[in-house]
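**Q** Below is one structure. I have some questions about it.
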Amino acid sequence: MLNLSVWTRRVLVAAAFGGAMATSALAQAPASPPAAATAVAPIPIRVVVVTAYALEDKAWMAQAPQTLDFPNGVAPLGYDAAKGVLILRTGVGTNHAAITTFALATDPRFDLSKAYWVIAAIAGVNPDEASPGSAAWIGNVIDVDFGKWVDPREAPPEWTGGYPPFQPPRADRPNSVYYPLNIGLRDWAYGLTKDIQLPDTEALKTARARFSSYPNGAKPPFVLTGDEISGQAYWHGAMLTKRYAKLTTDYSGGKSRFVMTAMEDTGVANALRRLTTVGKADYSRLIVLRTASNYSQQAPGEGPVDSMNRPYAGVGDAAAYAAHVVAGKVVDELSGHWTVYRDKIPGDGK
């Protein structure tokens, strides 16, 4: 009998055991690898309705047949597959708005390259221009968070309120302050909605009664066009209203009017500008509607703090209703005639 050493016997046993394991594994392996998962094409979206507060979001979400999870946002998305419409709530403020807009546009579930973005949200209104419950389609948005400022007690006399005289943005720097929108598209939206009759409630009449010396601020609600001051802080008062009215005309060379003040739109606009460069969105398809829930300043004979802290008392509900009704007509037109508006932006004149 062949006399094998202990070490040799161990090697042969290990080899035999390994071969058996390999044979067993081969026997259990599938005949062919599993097929790769089929890639799901992103859903083409026609219109994104953008709100900021739950108050504004409520009516839109009530009409959305589906609710979709949106972990990167502040609230679930509303979705109407038949219309190709998404409902997006950004949260309050420019930072939330920018981040949420960017998160949606880069969500692989959706194709937003042709989508129209319709902001439909409440705002403060300049009493020189309109009254609570009114709805304004916006042409230009100005960010007031950027700039220089010192305490008014230390400011030179020409620095009213601590702000320096206006200086145009430097040509060699990206402009993060002034956001001109597509005026042709804005005017098209206005033409479609200018004759909508907005409700005039007792709450609105009470709010207007203090502003009887303002011809436009004392009018019942109506649809108009104008421009917007946008910033992270909730500001209020006659002096700031006057300052921002001048700032609006300075940036536009006298062509713009300060009508509404809000907090989110430069965030959305800046996100869409950047997303446009990588084909994820089209900045020229941004439309902004702001509806007035309060005046931007106190009434004659009233203090600004009392005015700022007064509850909306039904005025906010009227503004949210106006945002839904007025913007809704534009959303329905765009989504309902998609073959017309998919590749041709209304109002472009091309």
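How things are named: the first chain in the structure tokens is A, the next is B, and so on; residues count from 1 in each chain; ligands count from 1 in the order shown.
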When DSSP is applied to the backbone of this structure, which of region 67-242 of chain A are assigned alpha helix (DSSP H)? Write them out as a PyMOL selection string.

**A** chain A and resi 94-105+183-193+202-209+238-242

**Q** Kindly save the residues from that selection, with C-alpha atoms included, as a short mmCIF file (atom, residue, chain, number, x, y, z; two decimals), in the first residue's frame.

**A**
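Result written to again.cif:
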```cif
data_model
loop_
_atom_site.label_atom_id
_atom_site.label_comp_id
_atom_site.auth_asym_id
_atom_site.auth_seq_id
_atom_site.Cartn_x
_atom_site.Cartn_y
_atom_site.Cartn_z
CA THR A 94 -35.95 81.89 -0.91
CA ASN A 95 -33.66 79.16 0.41
CA HIS A 96 -36.43 76.54 0.71
CA ALA A 97 -37.77 77.55 -2.71
CA ALA A 98 -34.40 77.22 -4.46
CA ILE A 99 -33.53 73.86 -2.91
CA THR A 100 -36.98 72.37 -3.50
CA THR A 101 -37.09 73.54 -7.12
CA PHE A 102 -33.65 72.08 -7.78
CA ALA A 103 -34.63 68.80 -6.11
CA LEU A 104 -37.71 68.40 -8.29
CA ALA A 105 -35.97 69.27 -11.54
CA ILE A 183 -42.58 89.47 -20.63
CA GLY A 184 -44.28 88.03 -23.70
CA LEU A 185 -45.40 85.00 -21.74
CA ARG A 186 -46.44 87.20 -18.81
CA ASP A 187 -48.55 89.43 -21.04
CA TRP A 188 -50.13 86.39 -22.69
CA ALA A 189 -51.17 85.07 -19.26
CA TYR A 190 -52.55 88.49 -18.33
CA GLY A 191 -54.55 88.73 -21.55
CA LEU A 192 -56.06 85.33 -20.85
CA THR A 193 -57.15 86.24 -17.32
CA GLU A 202 -66.58 91.70 3.73
CA ALA A 203 -63.06 91.00 4.98
CA LEU A 204 -61.60 92.67 1.89
CA LYS A 205 -63.90 95.68 2.22
CA THR A 206 -62.85 96.10 5.84
CA ALA A 207 -59.18 95.96 4.88
CA ARG A 208 -59.67 98.55 2.13
CA ALA A 209 -61.60 100.98 4.29
CA ALA A 238 -44.46 103.03 4.44
CA MET A 239 -40.76 103.95 4.34
CA LEU A 240 -39.68 100.53 3.05
CA THR A 241 -42.54 100.52 0.55
CA LYS A 242 -41.29 103.84 -0.79
#
```

**Q** Using only C-alpha atoms, I'd like a table of the residues in region 85-105 of chain A that come within 7 Å of region 37-51 of chain A; for each, show the closest atom pair and its distance in Å rounded to one decimal, ordered by chain and ascending number, as CSV.

**A**
```
residue,atom,partner,partner_atom,distance
A:Val85,CA,A:Val47,CA,4.9
A:Leu86,CA,A:Val48,CA,4.8
A:Ile87,CA,A:Val49,CA,4.9
A:Leu88,CA,A:Val50,CA,4.9
A:Arg89,CA,A:Thr51,CA,4.7
A:Thr90,CA,A:Thr51,CA,6.3
```

**Q** From the set A:Ser176, A:Gln63, A:Ser212, A:Thr201, which residue has the shortest atom-to-atom contact distance to Pro300 (chain A), counting only C-alpha atoms?

**A**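 Among the listed residues, the smallest separation from Pro300 (chain A) belongs to A:Ser212.
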
**Q** For region 287-296 of chain A, please output as number ranges by chain all residues within 9 Å (counting only C-alpha atoms; exclusion window: fewer than 5 positions along the same chain).

**A** A: 116-127, 130-139, 181-182, 185-186, 189, 207, 217, 221, 223, 228, 235-238, 240-241, 260-262, 265, 307-308, 312, 314-323, 326-327

**Q** For Ala62 (chain A), work out the shell of residues within 12 Å, counting only C-alpha atoms and skipping chain neighbours fewer than 2 positions away, then give it as an MDAnalysis selection string.

**A** chainID A and resid 54:60 64:67 77:80 87 324

**Q** Rank nothing, just name the residue among A:Ala299, A:Ala82, A:Leu272, A:Ala171 nearest to Arg210 (chain A), using only C-alpha atoms.

**A**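 Once distances to Arg210 (chain A) are computed over only C-alpha atoms, the minimum belongs to A:Ala299.
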
**Q** Can you list every residue in region 205-325 of chain A that DSSP puts in strand (DSSP E or B), as a short mmCIF file (atom, residue, chain, number, x, y, z; two decimals) with C-alpha atoms, in the first residue's frame?

**A**
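The resulting result.cif:
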```cif
data_model
loop_
_atom_site.label_atom_id
_atom_site.label_comp_id
_atom_site.auth_asym_id
_atom_site.auth_seq_id
_atom_site.Cartn_x
_atom_site.Cartn_y
_atom_site.Cartn_z
CA VAL A 223 -56.10 91.37 -12.21
CA LEU A 224 -53.09 93.46 -13.22
CA THR A 225 -49.43 93.29 -14.20
CA GLY A 226 -46.44 94.64 -12.33
CA ASP A 227 -43.18 93.75 -10.68
CA GLU A 228 -42.06 92.13 -7.46
CA ILE A 229 -39.68 92.68 -4.57
CA SER A 230 -38.47 89.33 -3.20
CA PHE A 258 -43.37 97.67 -7.51
CA VAL A 259 -46.70 95.91 -7.08
CA MET A 260 -46.11 92.80 -4.94
CA THR A 261 -43.64 91.72 -2.25
CA ALA A 262 -42.95 88.03 -1.65
CA LEU A 286 -41.41 80.63 -15.72
CA ILE A 287 -44.62 82.56 -14.99
CA VAL A 288 -45.25 84.28 -11.65
CA LEU A 289 -48.67 85.17 -10.26
CA ARG A 290 -48.84 86.82 -6.86
CA THR A 291 -52.13 87.59 -5.13
CA ALA A 292 -52.46 90.11 -2.31
CA SER A 293 -53.18 88.95 1.23
CA ASN A 294 -52.20 92.25 2.91
CA TYR A 295 -50.85 95.72 2.22
#
```

**Q** Could you please determine the separation between CA of Val325 (chain A) and CA of Tyr214 (chain A) in Å, to one decimal place?

**A**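 Pair CA of Val325 (chain A) / CA of Tyr214 (chain A) returns 26.2 Å.
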
**Q** Work out how far apart CA of Ser256 (chain A) and CA of Ala269 (chain A) are and give it in Å to one decimal.

**A** 17.9 Å
